[in-house]
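Text of the file final_25.txt, holding compact mmCIF, C-alpha atoms:
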```txt
# COMPACT_ATOMS: atom_id res chain seq x y z
CA MET C 11 41.45 11.28 -20.44
CA ASN C 12 43.09 12.14 -17.12
CA ARG C 13 41.07 10.44 -14.37
CA LEU C 14 42.27 13.01 -11.83
CA ASP C 15 41.00 15.96 -13.86
CA PRO C 16 38.05 17.39 -11.86
CA LEU C 17 36.46 18.73 -15.04
CA ALA C 18 36.51 15.25 -16.53
CA ARG C 19 34.69 13.93 -13.45
CA GLN C 20 31.93 16.55 -13.44
CA PRO C 21 29.49 14.67 -15.73
CA ALA C 22 29.89 11.51 -13.62
CA ALA C 23 29.33 13.53 -10.44
CA ALA C 24 26.20 15.11 -11.91
CA ALA C 25 24.92 11.68 -12.94
CA THR C 26 25.58 10.34 -9.43
CA LEU C 27 23.72 13.28 -7.88
CA LEU C 28 20.73 12.57 -10.08
CA LYS C 29 20.97 8.88 -9.19
CA LEU C 30 20.87 9.73 -5.49
CA PHE C 31 18.14 12.37 -5.59
CA LEU C 32 15.66 11.40 -8.31
CA PRO C 33 14.81 7.84 -7.20
CA SER C 34 14.84 8.85 -3.52
CA ALA C 35 12.54 11.85 -4.14
CA LEU C 36 10.18 9.69 -6.21
CA GLY C 37 10.17 7.03 -3.48
CA ILE C 38 9.31 9.65 -0.85
CA LEU C 39 6.50 10.96 -3.08
CA ILE C 40 5.02 7.49 -3.61
CA PHE C 41 5.12 6.47 0.06
CA PHE C 42 4.57 9.70 1.97
CA ILE C 43 2.92 12.49 -0.09
CA PRO C 44 -0.90 12.25 -0.27
CA ILE C 45 -2.51 13.29 -3.54
CA GLU C 46 -6.18 13.47 -4.53
CA ILE C 47 -7.50 11.29 -7.37
CA SER C 48 -11.23 10.90 -8.10
CA GLY C 49 -12.15 12.57 -4.83
CA LYS C 50 -9.96 10.25 -2.72
CA ARG C 51 -6.92 11.76 -1.00
CA THR C 52 -4.21 9.24 -0.09
CA ILE C 53 -0.60 8.31 -0.95
CA PRO C 54 0.12 7.27 -4.57
CA LEU C 55 0.92 3.67 -3.57
CA ASP C 56 -2.56 3.28 -2.10
CA HIS C 57 -4.08 4.68 -5.33
CA MET C 58 -2.07 2.11 -7.33
CA VAL C 59 -3.25 -0.79 -5.19
CA THR C 60 -6.87 0.39 -5.43
CA GLY C 61 -6.49 0.64 -9.21
CA ALA C 62 -4.90 -2.81 -9.46
CA ARG C 63 -7.74 -4.37 -7.48
CA ALA C 64 -10.36 -2.61 -9.61
CA LEU C 65 -8.57 -3.85 -12.73
CA LEU C 66 -8.56 -7.44 -11.47
CA GLY C 67 -12.19 -7.28 -10.37
CA GLU C 68 -13.55 -10.71 -9.46
CA ALA C 69 -10.20 -12.27 -10.39
CA SER C 70 -8.54 -10.68 -7.35
CA GLY C 71 -9.69 -13.62 -5.21
CA LEU C 72 -8.17 -16.13 -7.65
CA TYR C 73 -4.96 -14.08 -7.67
CA ALA C 74 -4.75 -14.22 -3.86
CA LEU C 75 -5.50 -17.96 -3.90
CA ALA C 76 -2.70 -18.52 -6.43
CA LEU C 77 -0.24 -16.70 -4.16
CA ILE C 78 -1.35 -18.74 -1.14
CA VAL C 79 -0.98 -22.04 -3.02
CA ALA C 80 2.46 -20.95 -4.24
CA GLY C 81 3.41 -20.00 -0.67
CA ALA C 82 2.36 -23.39 0.70
CA ALA C 83 4.30 -25.18 -2.03
CA TYR C 84 7.44 -23.01 -1.72
CA PRO C 85 8.97 -24.74 1.37
CA LEU C 86 8.34 -28.14 -0.24
CA VAL C 87 9.90 -27.13 -3.55
CA ARG C 88 12.91 -25.52 -1.84
CA GLY C 89 13.30 -28.52 0.46
CA TYR C 90 13.49 -26.68 3.80
CA TRP C 91 10.03 -27.60 5.12
CA ASN C 92 11.48 -30.19 7.56
CA ARG C 93 14.64 -28.29 8.50
CA ASN C 94 13.44 -27.85 12.10
CA LEU C 95 10.29 -28.04 14.22
CA THR C 96 9.34 -24.42 13.49
CA GLU C 97 9.49 -24.99 9.72
CA ARG C 98 7.41 -28.16 10.01
CA ILE C 99 4.74 -26.39 12.09
CA PHE C 100 4.54 -23.47 9.67
CA THR C 101 4.41 -25.77 6.65
CA VAL C 102 1.31 -27.39 8.17
CA LEU C 103 -0.16 -23.94 8.90
CA LYS C 104 0.48 -22.86 5.31
CA MET C 105 -1.34 -25.94 4.03
CA ALA C 106 -4.22 -25.05 6.34
CA GLY C 107 -4.08 -21.55 4.85
CA VAL C 108 -4.77 -23.01 1.39
CA VAL C 109 -7.83 -24.83 2.72
CA ALA C 110 -9.07 -21.67 4.44
CA ALA C 111 -8.56 -19.63 1.25
CA VAL C 112 -10.50 -22.17 -0.84
CA MET C 113 -13.33 -22.06 1.68
CA ALA C 114 -13.33 -18.25 1.61
CA LEU C 115 -13.47 -18.19 -2.18
CA THR C 116 -16.05 -20.94 -2.70
CA GLY C 117 -18.27 -20.61 0.38
CA TRP C 118 -17.59 -24.24 1.22
CA GLY C 119 -17.29 -25.28 4.88
CA PRO C 120 -19.05 -24.65 8.20
CA ALA C 121 -21.43 -21.70 8.30
CA PHE C 122 -19.78 -20.07 11.34
CA LEU C 123 -16.56 -19.64 9.32
CA HIS C 124 -18.47 -17.61 6.73
CA GLU C 125 -19.89 -15.06 9.13
CA PRO C 126 -18.94 -11.53 8.00
CA ASP C 127 -16.24 -11.11 10.67
CA MET C 128 -14.49 -14.41 9.85
CA LEU C 129 -13.28 -15.73 6.48
CA PRO C 130 -14.93 -13.03 4.30
CA PHE C 131 -13.38 -10.22 6.37
CA LEU C 132 -9.96 -11.89 6.57
CA PHE C 133 -9.81 -12.72 2.85
CA ASP C 134 -11.35 -9.55 1.38
CA LYS C 135 -10.00 -6.92 3.77
CA LEU C 136 -6.57 -8.33 4.50
CA VAL C 137 -5.30 -11.14 2.28
CA ILE C 138 -6.21 -9.62 -1.11
CA PRO C 139 -4.86 -6.12 -0.24
CA VAL C 140 -1.64 -7.58 1.21
CA GLY C 141 -1.23 -9.80 -1.86
CA LEU C 142 -1.37 -6.67 -4.02
CA ILE C 143 0.46 -4.12 -1.90
CA VAL C 144 3.55 -6.17 -1.03
CA PRO C 145 4.70 -6.89 -4.62
CA ILE C 146 3.64 -3.44 -5.90
CA GLY C 147 5.19 -1.73 -2.87
CA ALA C 148 8.40 -3.74 -3.33
CA ILE C 149 8.83 -2.25 -6.81
CA PHE C 150 8.86 1.26 -5.41
CA LEU C 151 10.84 0.34 -2.30
CA ALA C 152 13.78 0.01 -4.68
CA LEU C 153 13.65 3.79 -5.04
CA LEU C 154 14.03 4.28 -1.28
CA ILE C 155 16.54 1.57 -0.36
CA SER C 156 18.84 1.12 -3.35
CA TYR C 157 20.20 4.58 -4.23
CA GLY C 158 21.95 5.91 -1.13
CA LEU C 159 19.16 7.53 0.89
CA LEU C 160 19.15 4.70 3.44
CA GLU C 161 22.90 4.88 4.06
CA LEU C 162 22.92 8.68 4.13
CA ILE C 163 20.24 8.71 6.86
CA GLY C 164 22.05 5.92 8.71
CA VAL C 165 25.28 7.92 9.02
CA LEU C 166 23.42 11.05 10.15
CA VAL C 167 21.66 9.31 13.02
CA GLN C 168 24.69 7.36 14.27
CA PRO C 169 25.34 9.72 17.25
CA VAL C 170 21.96 8.94 18.81
CA MET C 171 21.99 5.15 18.42
CA ARG C 172 24.44 4.17 21.20
CA PRO C 173 23.23 6.52 23.99
CA ILE C 174 19.51 5.95 23.33
CA TRP C 175 19.21 2.37 22.04
CA ARG C 176 22.62 0.93 23.08
CA THR C 177 23.36 -0.26 19.58
CA PRO C 178 26.12 0.74 17.12
CA GLY C 179 25.55 3.48 14.57
CA ARG C 180 25.38 0.95 11.73
CA SER C 181 22.18 -0.43 13.28
CA ALA C 182 20.40 2.70 12.07
CA ILE C 183 20.41 1.13 8.60
CA ASP C 184 18.71 -2.00 10.01
CA ALA C 185 16.07 0.15 11.68
CA VAL C 186 15.31 2.18 8.56
CA ALA C 187 15.43 -0.95 6.38
CA SER C 188 12.69 -2.56 8.47
CA PHE C 189 10.36 0.43 8.27
CA VAL C 190 10.82 1.15 4.57
CA GLY C 191 11.53 -2.45 3.54
CA SER C 192 10.44 -5.24 5.88
CA TYR C 193 11.37 -7.01 9.07
CA SER C 194 12.83 -9.82 6.95
CA ILE C 195 15.23 -7.38 5.27
CA GLY C 196 16.15 -5.92 8.66
CA LEU C 197 16.67 -9.38 10.19
CA LEU C 198 18.75 -10.47 7.21
CA ILE C 199 21.07 -7.49 7.71
CA THR C 200 21.19 -8.00 11.49
CA ASN C 201 21.99 -11.71 11.25
CA ARG C 202 24.76 -11.15 8.71
CA VAL C 203 26.41 -8.44 10.83
CA TYR C 204 26.03 -10.55 14.01
CA GLN C 205 27.62 -13.58 12.35
CA ALA C 206 30.49 -11.33 11.23
CA GLY C 207 31.11 -10.47 14.90
CA GLN C 208 30.21 -6.78 14.46
CA TYR C 209 27.17 -6.98 16.78
CA SER C 210 27.16 -8.45 20.28
CA ALA C 211 24.39 -10.90 21.20
CA ARG C 212 22.59 -8.12 23.10
CA GLU C 213 22.89 -5.65 20.22
CA ALA C 214 21.56 -8.19 17.73
CA ALA C 215 18.67 -9.08 20.07
CA ILE C 216 17.81 -5.39 20.59
CA ILE C 217 17.70 -4.77 16.84
CA ALA C 218 15.70 -7.95 16.12
CA THR C 219 13.05 -7.28 18.80
CA GLY C 220 13.08 -3.48 18.70
CA PHE C 221 13.59 -2.35 15.11
CA SER C 222 12.63 -5.31 12.89
CA THR C 223 8.95 -4.46 12.64
CA VAL C 224 6.58 -4.48 9.69
CA SER C 225 7.19 -2.17 6.77
CA ALA C 226 5.49 0.99 5.58
CA THR C 227 3.57 -1.04 3.00
CA PHE C 228 2.10 -3.25 5.74
CA MET C 229 1.31 -0.16 7.78
CA ILE C 230 -0.85 1.08 4.90
CA ILE C 231 -2.97 -2.10 5.21
CA VAL C 232 -3.33 -1.51 8.95
CA ALA C 233 -4.26 2.15 8.38
CA LYS C 234 -6.81 1.24 5.70
CA THR C 235 -8.39 -1.44 7.90
CA LEU C 236 -8.71 1.04 10.78
CA ASP C 237 -9.84 3.93 8.54
CA LEU C 238 -6.73 5.98 9.42
CA MET C 239 -5.59 6.91 5.90
CA ALA C 240 -6.93 10.45 6.42
CA VAL C 241 -4.17 10.89 9.04
CA TRP C 242 -1.61 8.62 7.34
CA ASN C 243 1.47 10.80 7.86
CA LEU C 244 0.64 11.42 11.53
CA TYR C 245 -0.04 7.71 12.01
CA PHE C 246 3.19 6.64 10.28
CA TRP C 247 5.61 9.03 11.99
CA LEU C 248 4.04 8.80 15.44
CA THR C 249 4.04 5.00 15.24
CA LEU C 250 7.71 5.09 14.29
CA LEU C 251 8.41 7.44 17.22
CA ILE C 252 6.48 5.32 19.74
CA THR C 253 8.13 2.13 18.49
CA PHE C 254 11.60 3.59 19.01
CA ILE C 255 10.70 5.10 22.41
CA VAL C 256 9.44 1.69 23.55
CA THR C 257 12.67 0.11 22.30
CA ALA C 258 14.75 2.67 24.23
CA VAL C 259 13.02 1.60 27.46
CA THR C 260 12.98 -2.13 26.71
CA VAL C 261 16.75 -2.32 26.17
CA ARG C 262 17.26 -1.17 29.77
CA LEU C 263 15.09 -3.97 31.21
CA PRO C 264 15.63 -7.75 31.50
CA PRO C 265 15.93 -9.96 29.55
CA LEU C 266 17.68 -7.76 26.94
CA SER C 267 19.76 -5.81 29.48
CA ARG C 268 21.29 -9.05 30.81
CA MET C 269 22.44 -10.51 27.50
CA ASP C 270 26.10 -10.80 26.48
CA ASP C 271 27.38 -7.46 25.14
CA SER C 272 30.80 -8.44 23.79
CA ALA C 273 31.41 -8.12 20.05
CA ALA C 274 34.44 -9.39 18.14
CA ASP C 275 34.69 -6.33 15.94
CA GLY C 276 33.84 -2.93 17.40
CA GLU C 277 32.60 0.04 15.43
CA PRO C 278 35.13 2.67 14.30
CA GLN C 279 34.66 6.14 15.75
CA ALA C 280 33.43 8.89 13.45
CA VAL C 281 35.74 11.83 12.75
CA PRO C 282 34.51 14.84 14.80
CA GLY C 283 32.88 17.54 12.69
CA LYS C 284 32.79 15.39 9.56
CA ARG C 285 29.46 13.60 9.99
CA LEU C 286 27.51 15.56 7.36
CA THR C 287 30.36 15.20 4.88
CA THR C 288 30.65 11.48 5.63
CA ALA C 289 26.90 10.98 5.23
CA TRP C 290 26.93 12.84 1.92
CA GLN C 291 29.90 10.89 0.59
CA THR C 292 28.42 7.57 1.74
CA GLY C 293 25.13 8.31 -0.02
CA LEU C 294 26.96 9.30 -3.23
CA GLU C 295 29.16 6.18 -3.14
CA VAL C 296 26.13 3.91 -2.79
CA ALA C 297 24.32 5.77 -5.58
CA GLU C 298 27.36 5.49 -7.84
CA LYS C 299 27.62 1.72 -7.31
CA ALA C 300 23.86 1.10 -7.36
CA PRO C 301 22.50 -1.20 -10.09
CA SER C 302 20.42 0.16 -12.94
CA LEU C 303 16.83 1.01 -12.08
CA HIS C 304 15.32 -1.91 -13.99
CA ARG C 305 17.65 -4.42 -12.28
CA SER C 306 16.93 -2.96 -8.85
CA VAL C 307 13.17 -2.96 -9.49
CA ALA C 308 13.27 -6.55 -10.79
CA LEU C 309 15.21 -7.74 -7.72
CA ASN C 310 12.91 -5.97 -5.28
CA PHE C 311 9.79 -7.20 -7.08
CA LYS C 312 11.08 -10.77 -6.87
CA GLU C 313 11.80 -10.39 -3.14
CA GLY C 314 8.39 -8.79 -2.61
CA LEU C 315 6.65 -11.64 -4.43
CA VAL C 316 8.53 -14.24 -2.37
CA MET C 317 7.59 -12.35 0.80
CA ALA C 318 3.93 -12.18 -0.26
CA ILE C 319 3.68 -15.92 -0.92
CA SER C 320 5.56 -16.64 2.30
CA ILE C 321 3.27 -14.65 4.59
CA LEU C 322 -0.17 -14.94 2.97
CA PRO C 323 -0.78 -18.62 3.84
CA SER C 324 0.28 -17.98 7.46
CA ILE C 325 -1.90 -14.87 7.68
CA MET C 326 -4.84 -16.91 6.38
CA SER C 327 -4.44 -19.80 8.82
CA VAL C 328 -3.01 -18.10 11.91
CA GLY C 329 -5.24 -15.08 11.35
CA LEU C 330 -8.32 -17.33 11.20
CA LEU C 331 -7.22 -19.25 14.31
CA GLY C 332 -6.70 -15.92 16.07
CA LEU C 333 -10.13 -14.62 15.07
CA LEU C 334 -11.74 -17.88 16.21
CA ALA C 335 -9.84 -17.76 19.50
CA ALA C 336 -10.84 -14.13 20.00
CA LYS C 337 -14.52 -14.83 19.29
CA TYR C 338 -15.10 -18.28 20.78
CA THR C 339 -12.50 -18.70 23.57
CA PRO C 340 -11.49 -16.62 26.59
CA LEU C 341 -7.75 -16.87 25.72
CA PHE C 342 -7.21 -13.26 24.61
CA GLU C 343 -9.74 -12.03 27.16
CA TRP C 344 -7.55 -13.51 29.89
CA LEU C 345 -4.37 -12.14 28.33
CA GLY C 346 -6.08 -8.81 27.72
CA TRP C 347 -6.78 -8.27 31.41
CA LEU C 348 -3.02 -7.88 31.87
CA PHE C 349 -3.21 -4.75 29.70
CA TYR C 350 -6.63 -3.51 30.81
CA PRO C 351 -5.43 -1.21 33.65
CA ILE C 352 -3.08 0.59 31.24
CA VAL C 353 -5.88 1.27 28.76
CA ALA C 354 -8.60 1.99 31.33
CA MET C 355 -6.54 4.73 33.02
CA TRP C 356 -7.04 6.88 29.89
CA GLY C 357 -10.83 6.54 29.98
CA VAL C 358 -11.19 4.73 26.65
CA ALA C 359 -14.77 3.57 26.02
CA ASP C 360 -13.51 0.40 24.30
CA ALA C 361 -10.87 -0.30 26.98
CA ALA C 362 -11.54 -4.03 27.42
CA ALA C 363 -11.82 -4.63 23.67
CA LEU C 364 -8.56 -2.75 22.98
CA ALA C 365 -6.72 -4.65 25.72
CA GLN C 366 -7.92 -7.99 24.33
CA ALA C 367 -7.17 -6.99 20.72
CA SER C 368 -3.65 -5.97 21.74
CA ALA C 369 -3.14 -9.38 23.33
CA ALA C 370 -4.39 -11.04 20.13
CA GLY C 371 -1.52 -9.38 18.27
CA LEU C 372 0.77 -12.07 19.68
CA ALA C 373 -0.79 -14.54 17.24
CA GLU C 374 -0.82 -12.25 14.20
CA MET C 375 0.10 -8.56 13.99
CA PHE C 376 -3.03 -7.68 11.97
CA LEU C 377 -5.48 -9.00 14.59
CA PRO C 378 -5.60 -5.79 16.70
CA ALA C 379 -6.55 -3.89 13.54
CA LEU C 380 -9.10 -6.50 12.48
CA LEU C 381 -10.71 -6.63 15.92
CA MET C 382 -10.83 -2.85 16.45
CA ALA C 383 -11.98 -1.76 12.98
CA GLU C 384 -15.30 -0.39 14.31
CA ALA C 385 -14.04 1.21 17.55
CA GLU C 386 -13.75 4.90 18.45
CA PHE C 387 -10.90 6.88 16.90
CA ALA C 388 -8.45 6.83 19.84
CA ALA C 389 -8.87 3.07 20.29
CA ARG C 390 -8.45 2.47 16.55
CA PHE C 391 -5.32 4.62 16.49
CA ALA C 392 -3.87 2.81 19.52
CA ALA C 393 -4.61 -0.58 17.92
CA GLY C 394 -2.82 0.56 14.77
CA VAL C 395 0.24 1.61 16.75
CA VAL C 396 0.35 -1.60 18.83
CA SER C 397 0.07 -3.73 15.68
CA VAL C 398 3.40 -2.28 14.58
CA SER C 399 5.25 -1.41 17.80
CA ALA C 400 4.75 -4.84 19.42
CA VAL C 401 7.18 -6.18 16.73
CA LEU C 402 6.87 -9.82 17.86
CA PHE C 403 4.11 -12.18 16.65
CA PHE C 404 3.89 -15.91 16.02
CA SER C 405 2.69 -15.88 12.40
CA ALA C 406 5.94 -14.41 11.05
CA SER C 407 8.49 -12.39 13.07
CA ILE C 408 9.09 -14.88 15.92
CA PRO C 409 9.80 -17.85 13.62
CA CYS C 410 11.97 -15.56 11.47
CA ILE C 411 14.07 -14.62 14.50
CA LEU C 412 14.26 -18.28 15.59
CA SER C 413 15.69 -19.14 12.15
CA THR C 414 18.63 -16.73 12.67
CA SER C 415 21.77 -17.17 14.79
CA ILE C 416 20.59 -14.55 17.30
CA PRO C 417 20.36 -16.21 20.76
CA LEU C 418 16.72 -15.41 21.56
CA SER C 419 14.45 -18.09 23.00
CA VAL C 420 10.65 -18.06 22.72
CA GLY C 421 10.45 -17.37 26.47
CA ARG C 422 12.67 -14.28 26.20
CA MET C 423 10.68 -12.99 23.25
CA LEU C 424 7.38 -13.42 25.12
CA VAL C 425 8.71 -11.28 27.99
CA VAL C 426 9.90 -8.62 25.52
CA TRP C 427 6.51 -8.74 23.75
CA PHE C 428 4.64 -8.15 27.02
CA ILE C 429 6.85 -5.17 27.91
CA ARG C 430 6.52 -3.69 24.43
CA VAL C 431 2.72 -3.96 24.29
CA SER C 432 2.35 -2.46 27.78
CA LEU C 433 4.56 0.53 26.96
CA SER C 434 2.98 0.96 23.51
CA LEU C 435 -0.52 1.19 24.97
CA LEU C 436 0.69 3.63 27.63
CA LEU C 437 1.88 5.97 24.87
CA ALA C 438 -0.50 5.21 21.99
CA VAL C 439 -3.86 5.92 23.65
CA PRO C 440 -3.12 9.55 24.63
CA THR C 441 -1.41 10.03 21.27
CA GLY C 442 -4.64 8.87 19.61
CA TYR C 443 -6.61 11.53 21.48
CA LEU C 444 -4.02 14.14 20.42
CA VAL C 445 -4.25 13.12 16.75
CA GLN C 446 -8.07 13.20 16.97
CA THR C 447 -7.86 16.78 18.23
CA LEU C 448 -5.36 17.82 15.53
CA ALA C 449 -7.41 16.18 12.78
CA GLY C 450 -10.54 17.99 13.94
```

Target format structure tokens, applied to this file:
Amino acid sequence: MNRLDPLARQPAAAATLLKLFLPSALGILIFFIPIEISGKRTIPLDHMVTGARALLGEASGLYALALIVAGAAYPLVRGYWNRNLTERIFTVLKMAGVVAAVMALTGWGPAFLHEPDMLPFLFDKLVIPVGLIVPIGAIFLALLISYGLLELIGVLVQPVMRPIWRTPGRSAIDAVASFVGSYSIGLLITNRVYQAGQYSAREAAIIATGFSTVSATFMIIVAKTLDLMAVWNLYFWLTLLITFIVTAVTVRLPPLSRMDDSAADGEPQAVPGKRLTTAWQTGLEVAEKAPSLHRSVALNFKEGLVMAISILPSIMSVGLLGLLAAKYTPLFEWLGWLFYPIVAMWGVADAAALAQASAAGLAEMFLPALLMAEAEFAARFAAGVVSVSAVLFFSASIPCILSTSIPLSVGRMLVVWFIRVSLSLLLAVPTGYLVQTLAG
């Protein structure tokens, strides 16, 4: 057969087209198209998680405990628990997470830990859903990230990356990977490209602190906790927009604006007038080389399971410490006063509570959602946005960044966090009122 014969290549081209479109369309359906089942209207992934939890019944607690125990043991088994101070601290916190999970499951321990807004709330409303949604979501993330859609979108948005966010066009893939995959996937890509000399220190820092936020699957947990699933698509896309607007401002302020901006290997310029063609060809090439669906699903499920066991113990321990600090100490109240004027200017009834909850997000990104679950709609919406757009928190993203080669100190990240939360609140509160009006 003549390989240059276009007729001979038609079946392969048709197969590649199907490989690009079918998984991507199914992934979009599962993550973004609400459907109604048994009187409940939400995205298919949420229906699957609800079904999985109903199927497990009382065993869902034991399932979550098993994941937490596996997560605490993982650094010890892999031998990296004492690699640096950060790893040692988080190994201890993960062990504490096991103890907290056992107490939540058995009722053992001090009575104040078993008040409804402490261990029961943390374990039932957060840990069990996350333990289910991350592995299940990872299976279907393969449809979005493995068959060319990611790269196709990345090429299309290249022209806006440099003027708006001061990063190369290729960073669009990092940004999309974080939202549809996870911050760990985004950081992995960023660190590899930075080590290859294709990002400057400033570009890598911008991407790590501005794009590497929690994924769509985590956002579903936030939305469920805050009772925002009825406006899921508005919540998702507006949160994405606010996150990227905040990043566009933050990159123009210290400390990010003062970081080294020299890269060893610059980005090639796109051919004028060929962007759509290039995007199309790039998507097709990735689809053509993509692994079979079962291999891709297996790989993503494995990564999702590792991520679930890695974060659940930290969520359990750091989340509990955060809830205790929020309830029994003035720490977040003090921090919250820094944000109070920004919230109060919009006339929010729960202004002080929202400011303090936003400050609590520094410990764990879910805390604003946990603390604002009973607030008015605009405050709940703003808390949901800040949970995501703040990007930086001590239970996961900050130690992840510290483990990379990107030259970001804890002090620099704290300054970036403060700027991001301030700007997020400035935008999120009025957006919450707008969504409330649109939703009727």

I'd like to know which of C:Gly164, C:Gly81, C:Gly220, C:Gly71 is closest to Leu266 of chain C, using all atoms listed in the file.
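Result for the nearest residue to Leu266 of chain C: C:Gly220.
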
Within 9 Å of Ala393 of chain C using all atoms listed in the file, minus same-chain residues under 4 positions, as a list in words
Leu236, Leu364, Ala367, Ser368, Pro378, Ala379, Leu381, Met382, Ala383, Ala388, Ala389, Ser397, Val398, Leu435, Ala438 and Val439 of chain C

Write out the residues from the selection above, keeping C-alpha atoms, as a PDB file, in the frame of the given file.
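Written output follows (out-v3.pdb):
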```pdb
ATOM      1  CA  LEU C 236      -8.710   1.040  10.780  1.00  0.00           C
ATOM      2  CA  LEU C 364      -8.560  -2.750  22.980  1.00  0.00           C
ATOM      3  CA  ALA C 367      -7.170  -6.990  20.720  1.00  0.00           C
ATOM      4  CA  SER C 368      -3.650  -5.970  21.740  1.00  0.00           C
ATOM      5  CA  PRO C 378      -5.600  -5.790  16.700  1.00  0.00           C
ATOM      6  CA  ALA C 379      -6.550  -3.890  13.540  1.00  0.00           C
ATOM      7  CA  LEU C 381     -10.710  -6.630  15.920  1.00  0.00           C
ATOM      8  CA  MET C 382     -10.830  -2.850  16.450  1.00  0.00           C
ATOM      9  CA  ALA C 383     -11.980  -1.760  12.980  1.00  0.00           C
ATOM     10  CA  ALA C 388      -8.450   6.830  19.840  1.00  0.00           C
ATOM     11  CA  ALA C 389      -8.870   3.070  20.290  1.00  0.00           C
ATOM     12  CA  SER C 397       0.070  -3.730  15.680  1.00  0.00           C
ATOM     13  CA  VAL C 398       3.400  -2.280  14.580  1.00  0.00           C
ATOM     14  CA  LEU C 435      -0.520   1.190  24.970  1.00  0.00           C
ATOM     15  CA  ALA C 438      -0.500   5.210  21.990  1.00  0.00           C
ATOM     16  CA  VAL C 439      -3.860   5.920  23.650  1.00  0.00           C
TER      17      VAL C 439
END
```

What is the distance, in Å and to one decimal place, between atom CA of Gln446 of chain C and atom CA of Ser48 of chain C?
25.4 Å

Counting only C-alpha atoms, which residues have an atom no more than 12 Å from (17.6, -12.6, 28.8) in the file's coordinates? Please list them as a ChimeraX atom specification.
/C:211-212,215-216,260-271,417-426

Given the selection you just returned, output its residues as a file containing C-alpha atoms, formatted as a short mmCIF file (atom, residue, chain, number, x, y, z; two decimals), keeping the file's coordinate frame.
```cif
data_model
loop_
_atom_site.label_atom_id
_atom_site.label_comp_id
_atom_site.auth_asym_id
_atom_site.auth_seq_id
_atom_site.Cartn_x
_atom_site.Cartn_y
_atom_site.Cartn_z
CA ALA C 211 24.39 -10.90 21.20
CA ARG C 212 22.59 -8.12 23.10
CA ALA C 215 18.67 -9.08 20.07
CA ILE C 216 17.81 -5.39 20.59
CA THR C 260 12.98 -2.13 26.71
CA VAL C 261 16.75 -2.32 26.17
CA ARG C 262 17.26 -1.17 29.77
CA LEU C 263 15.09 -3.97 31.21
CA PRO C 264 15.63 -7.75 31.50
CA PRO C 265 15.93 -9.96 29.55
CA LEU C 266 17.68 -7.76 26.94
CA SER C 267 19.76 -5.81 29.48
CA ARG C 268 21.29 -9.05 30.81
CA MET C 269 22.44 -10.51 27.50
CA ASP C 270 26.10 -10.80 26.48
CA ASP C 271 27.38 -7.46 25.14
CA PRO C 417 20.36 -16.21 20.76
CA LEU C 418 16.72 -15.41 21.56
CA SER C 419 14.45 -18.09 23.00
CA VAL C 420 10.65 -18.06 22.72
CA GLY C 421 10.45 -17.37 26.47
CA ARG C 422 12.67 -14.28 26.20
CA MET C 423 10.68 -12.99 23.25
CA LEU C 424 7.38 -13.42 25.12
CA VAL C 425 8.71 -11.28 27.99
CA VAL C 426 9.90 -8.62 25.52
#
```

List the neighbours of Val79 of chain C out to 8 Å using only C-alpha atoms; skip same-chain residues closer than 5 positions along the sequence, and give me the result as a list in words.
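Contacts, with the query itself left out: Val108, Ile319 and Pro323 of chain C.
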
Top pick for closest residue to Leu345 of chain C, considering C:Glu313, C:Ala362, C:Ala214, C:Pro409 and counting only C-alpha atoms:
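Using only C-alpha atoms, Leu345 of chain C sits closest to C:Ala362.
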
Separation of atom CA of Gly37 of chain C and atom CA of Arg51 of chain C, in Å?
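A separation of 17.9 Å between them.
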
Produce a table with one row for each residue of segment 26-71 of chain C that has an atom at most 9 Å from any atom of segment 286-306 of chain C, each row naming the nearest atom pair and its distance in Å at one decimal; use all atoms listed in the file; arrange rows by chain and rising residue number; format as a tab-separated table.
```
residue	atom	partner	partner_atom	distance
C:Thr26	CA	C:Glu298	CA	5.4
C:Leu27	CA	C:Leu294	CA	6.9
C:Leu28	CA	C:Ala297	CA	8.9
C:Lys29	CA	C:Ala297	CA	5.8
C:Leu30	CA	C:Ala297	CA	5.3
C:Pro33	CA	C:Leu303	CA	8.6
```

Counting only C-alpha atoms, the residue of C:Ser272, C:Thr235, C:Thr227, C:Ser324 that sits nearest Thr177 of chain C:
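For Thr177 of chain C, the nearest of the given residues is C:Ser272.
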
Selected residue of minimal separation from Ala240 of chain C among C:Ser434, C:Ser327, C:Thr339, C:Thr52, counting only C-alpha atoms
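Closest candidate: C:Thr52.
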
Taking all atoms listed in the file into account, name the residue in C:Ile38, C:Ile416, C:Ala152, C:Phe387 that is nearest to Val241 of chain C.
C:Phe387
